[in-house]
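Visitor: Sharing data-v5.txt, compact mmCIF, C-alpha atoms:
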```txt
# COMPACT_ATOMS: atom_id res chain seq x y z
CA MET A 1 9.57 11.48 6.17
CA PRO A 2 9.10 10.76 9.87
CA GLY A 3 6.43 12.42 11.89
CA LEU A 4 4.01 13.00 9.04
CA PRO A 5 0.33 13.11 9.89
CA ALA A 6 -2.13 10.48 9.04
CA PHE A 7 -4.70 11.95 6.83
CA CYS A 8 -7.78 9.91 7.46
CA LEU A 9 -10.48 9.15 5.08
CA ARG A 10 -12.44 6.68 6.83
CA PRO A 11 -12.92 5.51 10.31
CA ARG A 12 -11.05 2.39 10.30
CA ASP A 13 -7.60 3.66 10.35
CA LEU A 14 -4.94 2.59 12.57
CA ARG A 15 -1.55 4.00 12.26
CA ARG A 16 1.63 2.67 13.69
CA GLY A 17 4.35 4.73 15.30
CA ALA A 18 5.36 7.80 13.40
CA ALA A 19 4.32 6.38 10.07
CA LEU A 20 1.14 8.35 9.99
CA THR A 21 -1.29 7.71 7.26
CA LEU A 22 -4.10 9.33 5.47
CA ALA A 23 -6.78 7.04 6.45
CA PHE A 24 -8.45 4.88 3.97
CA VAL A 25 -11.96 5.28 3.45
CA ALA A 26 -13.51 2.03 3.38
CA ALA A 27 -11.87 -1.12 3.66
CA VAL A 28 -12.80 -4.21 5.19
CA GLY A 29 -10.73 -6.53 3.53
CA ALA A 30 -9.15 -5.32 0.62
CA ALA A 31 -10.06 -1.89 1.34
CA ALA A 32 -8.67 -0.96 4.50
CA GLY A 33 -9.78 2.56 4.83
CA THR A 34 -10.17 5.08 7.42
CA GLY A 35 -11.90 8.06 8.65
CA CYS A 36 -12.69 5.05 7.87
CA TRP A 37 -10.04 3.97 5.64
CA ASP A 38 -11.95 0.86 4.99
CA ARG A 39 -14.72 0.83 2.64
CA ALA A 40 -15.04 -2.72 2.59
CA ASP A 41 -13.26 -5.51 3.70
CA ALA A 42 -10.82 -5.10 1.10
CA VAL A 43 -8.04 -2.77 1.28
CA SER A 44 -8.03 0.74 0.46
CA ALA A 45 -5.78 2.57 2.62
CA ALA A 46 -6.12 5.22 5.02
CA GLY A 47 -9.11 7.49 5.96
CA GLY A 48 -7.74 6.25 8.40
CA ALA A 49 -6.25 4.00 7.04
CA LEU A 50 -6.45 1.76 5.07
CA THR A 51 -9.84 2.10 4.83
CA ALA A 52 -12.81 1.49 6.67
CA ALA A 53 -14.54 4.40 7.52
CA GLY A 54 -17.94 5.52 7.87
CA THR A 55 -18.23 7.51 4.75
CA GLN A 56 -21.16 7.96 2.56
CA ASN A 57 -21.43 6.70 -0.97
CA PRO A 58 -19.07 8.97 -2.91
CA ALA A 59 -21.59 9.11 -5.72
CA ALA A 60 -24.06 10.56 -3.25
CA ALA A 61 -21.65 12.99 -1.66
CA PRO A 62 -23.00 16.47 -1.03
CA GLY A 63 -22.36 19.26 -3.50
CA PRO A 64 -19.51 21.76 -3.12
CA GLU A 65 -19.55 23.71 0.09
CA ALA A 66 -17.32 26.10 1.93
CA PRO A 67 -14.58 24.50 4.05
CA ARG A 68 -15.95 23.87 7.51
CA ASP A 69 -14.34 23.83 10.90
CA THR A 70 -13.09 20.40 11.82
CA GLY A 71 -14.19 19.18 15.24
CA THR A 72 -11.73 17.33 17.39
CA ALA A 73 -11.74 15.48 20.67
CA ASP A 74 -9.61 16.48 23.65
CA ARG A 75 -6.79 13.94 23.92
CA GLU A 76 -6.66 14.09 27.69
CA ALA A 77 -10.41 13.56 28.01
CA VAL A 78 -10.26 10.57 25.69
CA ALA A 79 -7.34 9.01 27.59
CA ARG A 80 -8.98 9.69 30.94
CA ALA A 81 -12.21 8.00 29.86
CA ALA A 82 -10.30 4.93 28.67
CA ALA A 83 -8.29 4.71 31.91
CA GLU A 84 -11.34 5.09 34.16
CA ALA A 85 -13.29 2.46 32.25
CA ALA A 86 -10.39 0.02 32.32
CA ALA A 87 -10.00 0.54 36.10
CA GLU A 88 -13.66 -0.45 36.51
CA GLY A 89 -13.24 -3.54 34.36
CA LYS A 90 -15.11 -2.00 31.45
CA SER A 91 -14.12 -1.45 27.84
CA GLY A 92 -11.64 1.41 27.61
CA LYS A 93 -12.06 1.49 23.84
CA LYS A 94 -15.83 1.91 24.11
CA ALA A 95 -15.54 4.67 26.69
CA ALA A 96 -12.97 6.52 24.62
CA GLN A 97 -15.09 6.20 21.49
CA GLU A 98 -18.07 7.71 23.31
CA VAL A 99 -15.98 10.79 24.11
CA VAL A 100 -14.80 11.03 20.51
CA SER A 101 -18.35 10.67 19.17
CA ARG A 102 -19.66 13.44 21.45
CA SER A 103 -16.84 15.76 20.41
CA GLY A 104 -18.05 16.12 16.84
CA ASP A 105 -14.78 14.74 15.47
CA ARG A 106 -16.20 13.39 12.25
CA TRP A 107 -13.15 11.29 11.41
CA GLY A 108 -12.04 10.36 14.92
CA MET A 109 -11.97 6.68 15.79
CA VAL A 110 -10.65 4.38 18.52
CA TYR A 111 -9.09 0.98 17.76
CA ASP A 112 -8.15 -1.90 20.00
CA GLN A 113 -4.77 -3.63 19.70
CA GLY A 114 -6.03 -6.27 17.29
CA GLU A 115 -7.59 -3.70 14.98
CA TYR A 116 -4.41 -1.67 15.07
CA ALA A 117 -2.37 -4.72 14.07
CA ALA A 118 -4.79 -5.37 11.20
CA PHE A 119 -4.33 -1.79 10.10
CA THR A 120 -0.60 -2.22 9.71
CA ASP A 121 -1.26 -5.24 7.50
CA ASP A 122 -3.59 -3.09 5.43
CA LEU A 123 -0.78 -0.62 4.87
CA ASP A 124 1.20 -3.45 3.30
CA GLY A 125 -1.67 -4.30 0.97
CA ARG A 126 -2.66 -7.36 3.02
CA TRP A 127 -5.72 -7.96 5.15
CA THR A 128 -7.97 -10.69 6.44
CA GLY A 129 -11.56 -10.59 5.32
CA VAL A 130 -14.03 -11.85 2.75
CA GLY A 131 -13.30 -9.45 -0.10
CA LEU A 132 -16.11 -6.90 0.07
CA TRP A 133 -15.97 -3.17 -0.42
CA ILE A 134 -18.99 -1.60 1.21
CA GLU A 135 -20.59 1.83 1.22
CA SER A 136 -23.19 3.70 3.22
CA ARG A 137 -26.01 5.19 1.20
CA ARG A 138 -28.22 8.20 1.90
CA ASP A 139 -30.89 6.05 3.54
CA ASP A 140 -28.29 4.66 5.99
CA ARG A 141 -28.35 1.33 4.21
CA ILE A 142 -25.11 -0.59 3.82
CA ALA A 143 -24.51 -1.88 0.32
CA VAL A 144 -21.80 -3.85 -1.46
CA GLU A 145 -19.83 -1.46 -3.65
CA LYS A 146 -17.38 -3.96 -5.11
CA VAL A 147 -16.32 -7.58 -4.73
CA GLN A 148 -12.68 -8.62 -5.00
CA PRO A 149 -12.18 -11.26 -7.71
CA GLY A 150 -11.21 -14.67 -6.33
CA SER A 151 -12.25 -13.78 -2.78
CA PRO A 152 -14.65 -15.76 -0.55
CA ALA A 153 -17.36 -13.21 -1.37
CA ALA A 154 -16.80 -13.62 -5.11
CA ARG A 155 -16.89 -17.41 -4.89
CA SER A 156 -20.22 -17.19 -3.04
CA GLY A 157 -21.71 -15.09 -5.82
CA LEU A 158 -22.03 -11.81 -3.93
CA ARG A 159 -22.06 -8.79 -6.18
CA ALA A 160 -22.13 -5.01 -6.25
CA GLY A 161 -25.51 -3.61 -5.28
CA ASP A 162 -26.37 -6.33 -2.77
CA ARG A 163 -27.71 -4.76 0.43
CA LEU A 164 -26.06 -5.99 3.62
CA LEU A 165 -28.52 -6.35 6.51
CA SER A 166 -26.50 -8.08 9.24
CA VAL A 167 -23.14 -9.63 10.04
CA ASP A 168 -23.20 -12.58 12.47
CA GLY A 169 -26.63 -11.44 13.61
CA HIS A 170 -25.60 -7.82 14.18
CA ALA A 171 -27.84 -5.42 12.23
CA VAL A 172 -25.71 -3.02 10.19
CA THR A 173 -28.23 -0.50 8.84
CA GLY A 174 -27.30 2.91 10.19
CA LEU A 175 -23.81 1.86 11.28
CA ARG A 176 -20.69 3.61 10.08
CA VAL A 177 -18.77 1.81 7.39
CA CYS A 178 -15.80 1.38 9.68
CA ASP A 179 -17.94 -0.37 12.27
CA VAL A 180 -19.32 -2.74 9.65
CA VAL A 181 -15.78 -3.38 8.48
CA ALA A 182 -14.81 -4.34 12.01
CA LEU A 183 -17.58 -6.94 12.01
CA LEU A 184 -16.42 -8.38 8.70
CA ARG A 185 -12.82 -8.66 9.79
CA GLY A 186 -11.44 -11.49 11.90
CA ASP A 187 -8.93 -14.32 11.97
CA ALA A 188 -8.26 -16.26 8.79
CA GLY A 189 -10.34 -19.44 8.65
CA THR A 190 -13.11 -18.19 10.92
CA PRO A 191 -16.69 -18.13 9.60
CA VAL A 192 -18.86 -15.06 9.22
CA VAL A 193 -22.59 -15.16 8.43
CA LEU A 194 -23.93 -12.43 6.16
CA HIS A 195 -27.62 -11.67 5.71
CA LEU A 196 -28.32 -9.67 2.54
CA THR A 197 -31.08 -8.77 0.12
CA ARG A 198 -30.92 -8.68 -3.66
CA ASP A 199 -33.83 -7.48 -5.79
CA GLY A 200 -36.19 -8.08 -2.89
CA ALA A 201 -34.99 -11.62 -2.15
CA ASP A 202 -33.25 -12.51 1.12
CA LEU A 203 -29.84 -14.19 1.01
CA THR A 204 -27.83 -15.78 3.80
CA GLU A 205 -24.21 -16.69 3.11
CA THR A 206 -21.64 -18.20 5.45
CA LEU A 207 -18.13 -17.27 4.34
CA ARG A 208 -14.70 -18.06 5.74
CA ARG A 209 -12.28 -15.21 6.13
CA GLU A 210 -9.00 -15.43 4.23
CA GLN A 211 -5.72 -13.58 3.96
CA LEU A 212 -6.19 -11.36 0.92
CA HIS A 213 -3.84 -9.19 -1.08
CA THR A 214 -4.16 -6.40 -3.61
CA GLU A 215 -1.69 -4.63 -5.88
CA PRO A 216 -1.90 -0.90 -5.19
CA VAL A 217 -0.45 0.09 -8.57
CA THR A 218 -1.14 -1.40 -11.99
CA VAL A 219 0.13 -0.19 -15.36
CA ARG A 220 -1.26 -0.66 -18.86
CA GLN A 221 -0.56 0.79 -22.27
CA LEU A 222 -3.12 2.39 -24.58
CA PRO A 223 -2.64 2.92 -28.32
CA GLY A 224 -0.95 6.14 -29.24
CA GLY A 225 1.77 6.05 -26.60
CA ILE A 226 -0.37 6.52 -23.49
CA THR A 227 0.67 4.91 -20.21
CA VAL A 228 -2.15 4.45 -17.69
CA ILE A 229 -0.98 4.23 -14.07
CA LYS A 230 -3.82 3.12 -11.80
CA VAL A 231 -3.23 3.74 -8.08
CA ALA A 232 -5.86 1.92 -6.02
CA SER A 233 -4.47 3.12 -2.70
CA PHE A 234 -1.33 4.65 -1.26
CA SER A 235 -0.14 1.62 0.70
CA ARG A 236 3.53 0.87 1.32
CA GLY A 237 5.68 0.86 -1.79
CA SER A 238 3.03 2.42 -4.04
CA GLY A 239 4.87 5.73 -4.45
CA GLU A 240 8.02 4.07 -5.73
CA GLN A 241 5.94 1.87 -8.04
CA VAL A 242 4.50 5.02 -9.61
CA ARG A 243 8.00 6.44 -10.07
CA ALA A 244 9.19 3.19 -11.64
CA ALA A 245 6.24 3.19 -14.05
CA VAL A 246 7.06 6.73 -15.13
CA ARG A 247 10.72 5.87 -15.70
CA ALA A 248 9.76 2.78 -17.74
CA ALA A 249 7.29 4.59 -20.01
CA PRO A 250 8.37 4.93 -23.64
CA PRO A 251 9.79 8.26 -24.84
CA GLY A 252 7.14 10.65 -26.04
CA ALA A 253 4.47 8.94 -23.99
CA GLY A 254 1.68 10.70 -22.20
CA PHE A 255 0.33 9.63 -18.82
CA MET A 256 -3.03 9.02 -17.26
CA LEU A 257 -2.72 8.87 -13.49
CA ASP A 258 -5.93 7.08 -12.51
CA LEU A 259 -6.92 7.98 -8.95
CA ARG A 260 -10.60 7.11 -9.26
CA GLY A 261 -11.88 5.24 -6.22
CA ASN A 262 -8.59 5.77 -4.37
CA PRO A 263 -9.48 6.30 -0.68
CA GLY A 264 -6.06 7.55 0.38
CA GLY A 265 -3.22 5.97 2.32
CA LEU A 266 0.19 6.90 3.60
CA VAL A 267 1.27 10.51 3.29
CA THR A 268 4.83 9.51 2.51
CA GLU A 269 3.68 7.35 -0.40
CA ALA A 270 1.45 10.11 -1.75
CA VAL A 271 4.32 12.58 -1.71
CA THR A 272 6.61 10.05 -3.43
CA ALA A 273 3.99 9.49 -6.13
CA ALA A 274 3.63 13.23 -6.70
CA SER A 275 7.43 13.44 -6.92
CA ALA A 276 7.32 11.21 -10.00
CA PHE A 277 5.88 14.18 -11.93
CA LEU A 278 7.49 17.13 -10.15
CA ASP A 279 11.01 18.46 -9.83
CA GLY A 280 10.89 19.30 -6.15
CA GLY A 281 8.70 22.01 -4.71
CA LEU A 282 5.66 22.17 -2.48
CA VAL A 283 3.12 19.33 -2.45
CA ALA A 284 0.93 20.43 0.47
CA THR A 285 0.87 22.21 3.79
CA TYR A 286 -0.90 21.05 6.92
CA ASP A 287 -1.38 22.18 10.48
CA VAL A 288 -1.12 20.10 13.62
CA ARG A 289 -2.89 21.86 16.48
CA GLY A 290 -1.96 25.22 15.02
CA ALA A 291 1.65 24.43 14.03
CA GLN A 292 2.19 24.77 10.27
CA ARG A 293 4.12 22.08 8.37
CA SER A 294 5.00 21.56 4.71
CA LEU A 295 5.45 18.55 2.43
CA TYR A 296 7.89 18.76 -0.48
CA ALA A 297 8.45 16.64 -3.57
CA SER A 298 11.83 15.10 -4.27
CA PRO A 299 13.72 16.59 -7.22
CA GLY A 300 14.17 14.81 -10.52
CA GLY A 301 10.61 13.89 -11.49
CA ASP A 302 9.30 13.91 -15.06
CA THR A 303 8.02 17.40 -15.81
CA ALA A 304 7.98 17.17 -19.61
CA ARG A 305 5.57 14.45 -20.71
CA PRO A 306 1.85 15.35 -20.69
CA LEU A 307 -0.19 14.17 -17.71
CA VAL A 308 -3.90 13.81 -17.02
CA ALA A 309 -5.23 12.86 -13.57
CA LEU A 310 -8.49 10.88 -13.54
CA VAL A 311 -10.66 11.53 -10.47
CA ASP A 312 -14.16 10.90 -9.16
CA GLY A 313 -16.23 11.03 -5.98
CA GLY A 314 -14.24 8.11 -4.55
CA THR A 315 -10.94 10.00 -4.83
CA MET A 316 -10.17 10.87 -1.23
CA SER A 317 -7.62 12.13 1.24
CA ALA A 318 -4.07 11.30 0.12
CA ALA A 319 -5.32 10.91 -3.46
CA GLU A 320 -6.82 14.40 -3.28
CA LEU A 321 -3.54 15.70 -1.88
CA VAL A 322 -1.71 14.37 -4.96
CA THR A 323 -4.34 15.67 -7.38
CA GLY A 324 -4.38 19.10 -5.78
CA ALA A 325 -0.60 19.39 -5.95
CA LEU A 326 -0.41 18.38 -9.61
CA GLN A 327 -3.30 20.68 -10.51
CA ASP A 328 -2.05 23.72 -8.61
CA ARG A 329 1.49 23.29 -9.92
CA GLY A 330 0.20 23.26 -13.51
CA ARG A 331 1.54 19.76 -13.99
CA ALA A 332 -1.68 17.87 -14.72
CA VAL A 333 -5.12 18.39 -16.18
CA ALA A 334 -7.72 16.84 -13.87
CA VAL A 335 -10.54 15.03 -15.70
CA GLY A 336 -13.61 13.36 -14.18
CA THR A 337 -16.01 14.35 -11.41
CA ARG A 338 -15.59 16.25 -8.15
CA THR A 339 -13.56 14.43 -5.51
CA PHE A 340 -14.80 13.45 -2.06
CA GLY A 341 -13.43 16.32 0.04
CA LYS A 342 -11.45 14.68 2.87
CA GLY A 343 -8.88 17.25 3.88
CA SER A 344 -8.53 16.80 7.63
CA VAL A 345 -5.49 15.43 9.41
CA GLN A 346 -5.62 12.64 11.99
CA MET A 347 -2.83 11.51 14.30
CA PRO A 348 -2.66 8.55 16.69
CA THR A 349 -2.83 8.82 20.47
CA PRO A 350 -1.97 5.65 22.48
CA LEU A 351 -4.43 5.11 25.34
CA PRO A 352 -3.76 3.62 28.81
CA ASP A 353 -5.57 0.35 28.03
CA GLY A 354 -3.49 -0.30 24.90
CA SER A 355 -6.04 0.97 22.39
CA VAL A 356 -5.26 3.79 19.96
CA ALA A 357 -7.35 6.89 19.26
CA GLU A 358 -7.09 8.56 15.85
CA LEU A 359 -8.05 12.17 16.48
CA THR A 360 -8.38 15.08 14.08
CA VAL A 361 -5.66 17.67 14.66
CA GLY A 362 -5.99 19.99 11.68
CA THR A 363 -6.39 20.28 7.92
CA TYR A 364 -4.14 20.25 4.89
CA ARG A 365 -4.03 22.64 1.94
CA THR A 366 -2.84 22.46 -1.64
CA PRO A 367 0.16 24.51 -2.86
CA ALA A 368 -2.24 27.30 -3.86
CA GLY A 369 -3.70 27.34 -0.35
CA ARG A 370 -6.96 25.55 -1.11
CA SER A 371 -8.62 23.62 1.71
CA LEU A 372 -10.34 20.57 0.25
CA ASP A 373 -12.18 19.49 3.36
CA GLY A 374 -15.85 19.34 2.53
CA SER A 375 -15.46 20.77 -0.96
CA GLY A 376 -13.08 18.43 -2.77
CA ILE A 377 -11.41 19.13 -6.09
CA THR A 378 -13.36 20.29 -9.12
CA PRO A 379 -11.77 18.76 -12.23
CA ASP A 380 -10.58 20.99 -15.04
CA LEU A 381 -12.76 19.00 -17.43
CA ALA A 382 -15.94 17.24 -16.33
CA ALA A 383 -16.46 13.71 -17.60
CA GLY A 384 -18.56 10.79 -16.42
CA ASP A 385 -18.58 7.41 -18.11
CA GLY A 386 -16.35 8.58 -20.95
CA VAL A 387 -13.55 9.85 -18.72
CA GLU A 388 -10.74 7.91 -20.42
CA GLU A 389 -11.92 9.01 -23.86
CA ARG A 390 -11.98 12.62 -22.69
CA ALA A 391 -8.50 12.20 -21.22
CA ARG A 392 -7.20 10.77 -24.50
CA THR A 393 -8.57 13.82 -26.31
CA VAL A 394 -6.72 16.08 -23.87
CA LEU A 395 -3.47 14.18 -24.33
CA GLY A 396 -3.93 14.28 -28.09
CA GLY A 397 -4.20 18.04 -27.90
CA LEU A 398 -0.91 18.05 -25.99
CA GLY A 399 0.86 16.16 -28.75
CA VAL A 400 0.51 12.55 -27.58
CA GLY A 401 -0.42 9.97 -30.19
CA PRO A 402 -0.37 9.83 -33.98
```
When written as structure tokens, how does the structure in this file appear?

Guide:
Amino acid sequence: MPGLPAFCLRPRDLRRGAALTLAFVAAVGAAAGTGCWDRADAVSAAGGALTAAGTQNPAAAPGPEAPRDTGTADREAVARAAAEAAAEGKSGKKAAQEVVSRSGDRWGMVYDQGEYAAFTDDLDGRWTGVGLWIESRRDDRIAVEKVQPGSPAARSGLRAGDRLLSVDGHAVTGLRVCDVVALLRGDAGTPVVLHLTRDGADLTETLRREQLHTEPVTVRQLPGGITVIKVASFSRGSGEQVRAAVRAAPPGAGFMLDLRGNPGGLVTEAVTAASAFLDGGLVATYDVRGAQRSLYASPGGDTARPLVALVDGGTMSAAELVTGALQDRGRAVAVGTRTFGKGSVQMPTPLPDGSVAELTVGTYRTPAGRSLDGSGITPDLAAGDGVEERARTVLGGLGVGP
């Protein structure tokens, strides 16, 4: 599906060529996010991609609101600023980012060549980092959201809830998640010094970055003929993995499509995943500087076996696109809490100094015409900690199980 837009979730996205992505929201390692597709240093995908973006803690996201206009930066002004800075021996990336920041483009971000290369690795489910997912809280503090098992961070005893104060001496309070992710990233084998606090006690840890990997799709079976398909991010190959899981499920099974904490990823992968449960038809529409486009599912998906989509405040961008399509098409019952609300479209613009600007160009809508930007998706059934139990009850009512 060439020429698709990159829907960004977090500021750290970098897209390559025409393979546009939905940026990840937070990744710094395993989460590559965007708009900041990075949420940590782990990979998430997209928001820009794979993740990394300056997003707030999904749990602290604002309540529902009307869709708002999406600011965007002028491409020519951004490119001109980069070229003028480079001609003066200054940082073209920094100059371009200043223009983007002043424009009000909430998801816009500029990446240098090295960051862009790292982004493409994120899209393959690989990244170099220490294995932290991070989040920005209401007080502008940066906290550890999750630690990847077996990573340098895990071996050092870091854990969710630790507050990150500085990276290599750079204070991070008040920074966007994507900018913190950039500090955490680096070449494999290089050290990074983290200053944190935990329960009022200061901690200083020196970690060595490593090449890390995550599986975007995992499958498990629950009693009663329920297949749970967990999609952590829409990185390369994830859509086909979802389709394979659906084909391999036992006859009469019901499905839970778990999109909780999924920051987004590649549009093509999201559409392929939706196609696993649809027999063709509209998945979403989007506009690129006023030009309307449409995304369609491939025919032949499973439309018979019951499906529940699990969502929460960390369900973003491409994951919201999938949820909205399945909900609007009457194919799935959404269970959980309201999703993040990242419905804007970003596309890459190469700059004269070799950096890449991801600029907002429009918004996408569900098949029913809903704009999710700023409002997210309200689940059909609200559920907090007992979301899987609630989903099992729904599937039982649809004939799944004894």

Visitor: Can you list, as a list in words, every protein, DNA or RNA residue that comes within 9 Å of A:Ala81 when you count all atoms listed in the file, leaving out same-chain residues fewer than 6 positions away?

Guide: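 With the cut-off at 9 Å, the set is Gly92, Lys93, Ala95, Ala96, Glu98 and Val99 of chain A.
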
Visitor: Taking all atoms listed in the file into account, which of A:Ser275, A:Thr173, A:Gln148, A:Thr128 comes nearest A:Arg185?

Guide: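 Looking only at the distances to A:Arg185, the closest residue turns out to be A:Thr128.
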
Visitor: Can you tell me how far atom CA of A:Asp287 sits from atom CA of A:Thr360, in Å to one decimal?

Guide: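 A separation of 10.6 Å between them.
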
Visitor: Taking all atoms listed in the file into account, produce a table as CSV in which each residue of stretch 102-150 of chain A with an atom at most 12 Å from an atom of stretch 216-225 of chain A appears once, together with its shortest atom pair and the distance in Å to one decimal, ordered by chain and rising number.

Guide:
```
residue,atom,partner,partner_atom,distance
A:Asp122,CA,A:Pro216,CA,11.0
A:Leu123,CA,A:Pro216,CA,10.1
A:Asp124,CA,A:Pro216,CA,9.4
A:Gly125,CA,A:Pro216,CA,7.0
A:Arg126,CA,A:Pro216,CA,10.5
```

Visitor: Check the smallest atom-to-atom distance from each of A:Ala284, A:Leu359, A:Ser294, A:Pro263 to A:Ala318 using all atoms listed in the file, then report the winner.

Guide: A:Pro263

Visitor: For stretch 362-365 of chain A, work out the shell of residues within 8 Å, counting only C-alpha atoms and skipping chain neighbours fewer than 3 positions away, then give it as a list in words.

Guide: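 Counting only C-alpha atoms, the residues come to Thr70, Ala284, Thr285, Tyr286, Asp287, Val288, Arg289, Gly290, Leu321, Gly343, Ser344, Val345, Gln346, Ala368, Gly369, Arg370, Ser371, Leu372 and Asp373 of chain A.
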
Visitor: With C-alpha atoms retained, export the selected residues as a PDB file, in the coordinates of the input.

Guide:
```pdb
ATOM      1  CA  THR A  70     -13.090  20.400  11.820  1.00  0.00           C
ATOM      2  CA  ALA A 284       0.930  20.430   0.470  1.00  0.00           C
ATOM      3  CA  THR A 285       0.870  22.210   3.790  1.00  0.00           C
ATOM      4  CA  TYR A 286      -0.900  21.050   6.920  1.00  0.00           C
ATOM      5  CA  ASP A 287      -1.380  22.180  10.480  1.00  0.00           C
ATOM      6  CA  VAL A 288      -1.120  20.100  13.620  1.00  0.00           C
ATOM      7  CA  ARG A 289      -2.890  21.860  16.480  1.00  0.00           C
ATOM      8  CA  GLY A 290      -1.960  25.220  15.020  1.00  0.00           C
ATOM      9  CA  LEU A 321      -3.540  15.700  -1.880  1.00  0.00           C
ATOM     10  CA  GLY A 343      -8.880  17.250   3.880  1.00  0.00           C
ATOM     11  CA  SER A 344      -8.530  16.800   7.630  1.00  0.00           C
ATOM     12  CA  VAL A 345      -5.490  15.430   9.410  1.00  0.00           C
ATOM     13  CA  GLN A 346      -5.620  12.640  11.990  1.00  0.00           C
ATOM     14  CA  ALA A 368      -2.240  27.300  -3.860  1.00  0.00           C
ATOM     15  CA  GLY A 369      -3.700  27.340  -0.350  1.00  0.00           C
ATOM     16  CA  ARG A 370      -6.960  25.550  -1.110  1.00  0.00           C
ATOM     17  CA  SER A 371      -8.620  23.620   1.710  1.00  0.00           C
ATOM     18  CA  LEU A 372     -10.340  20.570   0.250  1.00  0.00           C
ATOM     19  CA  ASP A 373     -12.180  19.490   3.360  1.00  0.00           C
TER      20      ASP A 373
END
```

Visitor: Figure out the distance between atom CA of A:Thr378 and atom CA of A:Gly313, please, to one decimal in Å.

Guide: 10.2 Å

Visitor: What does the structure give for the distance between atom CA of A:Gly374 and atom CA of A:Lys342, in Å to one decimal?

Guide: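 Atom CA of A:Lys342 lies at a distance of 6.4 Å from atom CA of A:Gly374.
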
Visitor: For A:Arg141, which residue among A:Met109, A:Val177, A:Leu203, A:Met347 is the nearest when counting all atoms listed in the file?

Guide: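 Ranked by minimum distance to A:Arg141, first place goes to A:Val177.
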
Visitor: Which residue gives the smallest distance to A:Ala117 among A:Leu164, A:Leu326, A:Val180, A:Val356, with all atoms listed in the file counted?

Guide: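 Counting all atoms listed in the file, the residue closest to A:Ala117 is A:Val356.
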
Visitor: Between A:Gly89, A:Gly104, A:Gly401, A:Gly354, which one has atoms that come closest to A:Pro306, using only C-alpha atoms?

Guide: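 Checking each candidate against A:Pro306, we get A:Gly401 as the closest.
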
Visitor: Just checking: using all atoms listed in the file, which residue out of A:Ser136, A:Thr214, A:Thr206, A:Thr315 ends up closest to A:Cys178?

Guide: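 When distances to A:Cys178 are compared using all atoms listed in the file, the smallest one comes from A:Ser136.
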
Visitor: Using the block above, I'd like stretch 280-289 of chain A written out, keeping N, CA, C and O atoms and formatting it as a CSV table (one decimal), in the first residue's frame.

Guide:
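Output file out_36.csv follows:
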```csv
chain,number,residue,atom,x,y,z
A,280,GLY,N,-13.1,-7.4,3.3
A,280,GLY,CA,-13.0,-6.2,2.5
A,280,GLY,C,-13.7,-5.0,3.2
A,280,GLY,O,-14.1,-5.1,4.3
A,281,GLY,N,-13.9,-3.9,2.4
A,281,GLY,CA,-14.6,-2.8,2.9
A,281,GLY,C,-13.7,-1.7,3.6
A,281,GLY,O,-12.5,-1.9,3.7
A,282,LEU,N,-14.3,-0.6,3.9
A,282,LEU,CA,-13.6,0.5,4.4
A,282,LEU,C,-13.0,0.3,5.8
A,282,LEU,O,-13.7,-0.2,6.7
A,283,VAL,N,-11.8,0.7,6.0
A,283,VAL,CA,-11.1,0.7,7.3
A,283,VAL,C,-11.0,2.1,7.9
A,283,VAL,O,-11.3,2.3,9.1
A,284,ALA,N,-10.7,3.1,7.1
A,284,ALA,CA,-10.5,4.5,7.5
A,284,ALA,C,-10.4,5.4,6.3
A,284,ALA,O,-10.1,4.9,5.2
A,285,THR,N,-10.7,6.6,6.5
A,285,THR,CA,-10.4,7.7,5.5
A,285,THR,C,-9.4,8.6,6.2
A,285,THR,O,-9.3,8.8,7.4
A,286,TYR,N,-8.7,9.3,5.3
A,286,TYR,CA,-7.7,10.4,5.9
A,286,TYR,C,-7.5,11.4,4.8
A,286,TYR,O,-7.8,11.2,3.6
A,287,ASP,N,-7.1,12.6,5.3
A,287,ASP,CA,-6.9,13.7,4.3
A,287,ASP,C,-5.4,14.1,4.4
A,287,ASP,O,-4.8,14.1,5.5
A,288,VAL,N,-4.8,14.4,3.3
A,288,VAL,CA,-3.5,14.9,3.2
A,288,VAL,C,-3.5,16.3,2.5
A,288,VAL,O,-3.7,16.4,1.3
A,289,ARG,N,-3.4,17.3,3.4
A,289,ARG,CA,-3.5,18.7,2.9
A,289,ARG,C,-4.8,18.9,2.0
A,289,ARG,O,-4.7,19.5,1.0
```
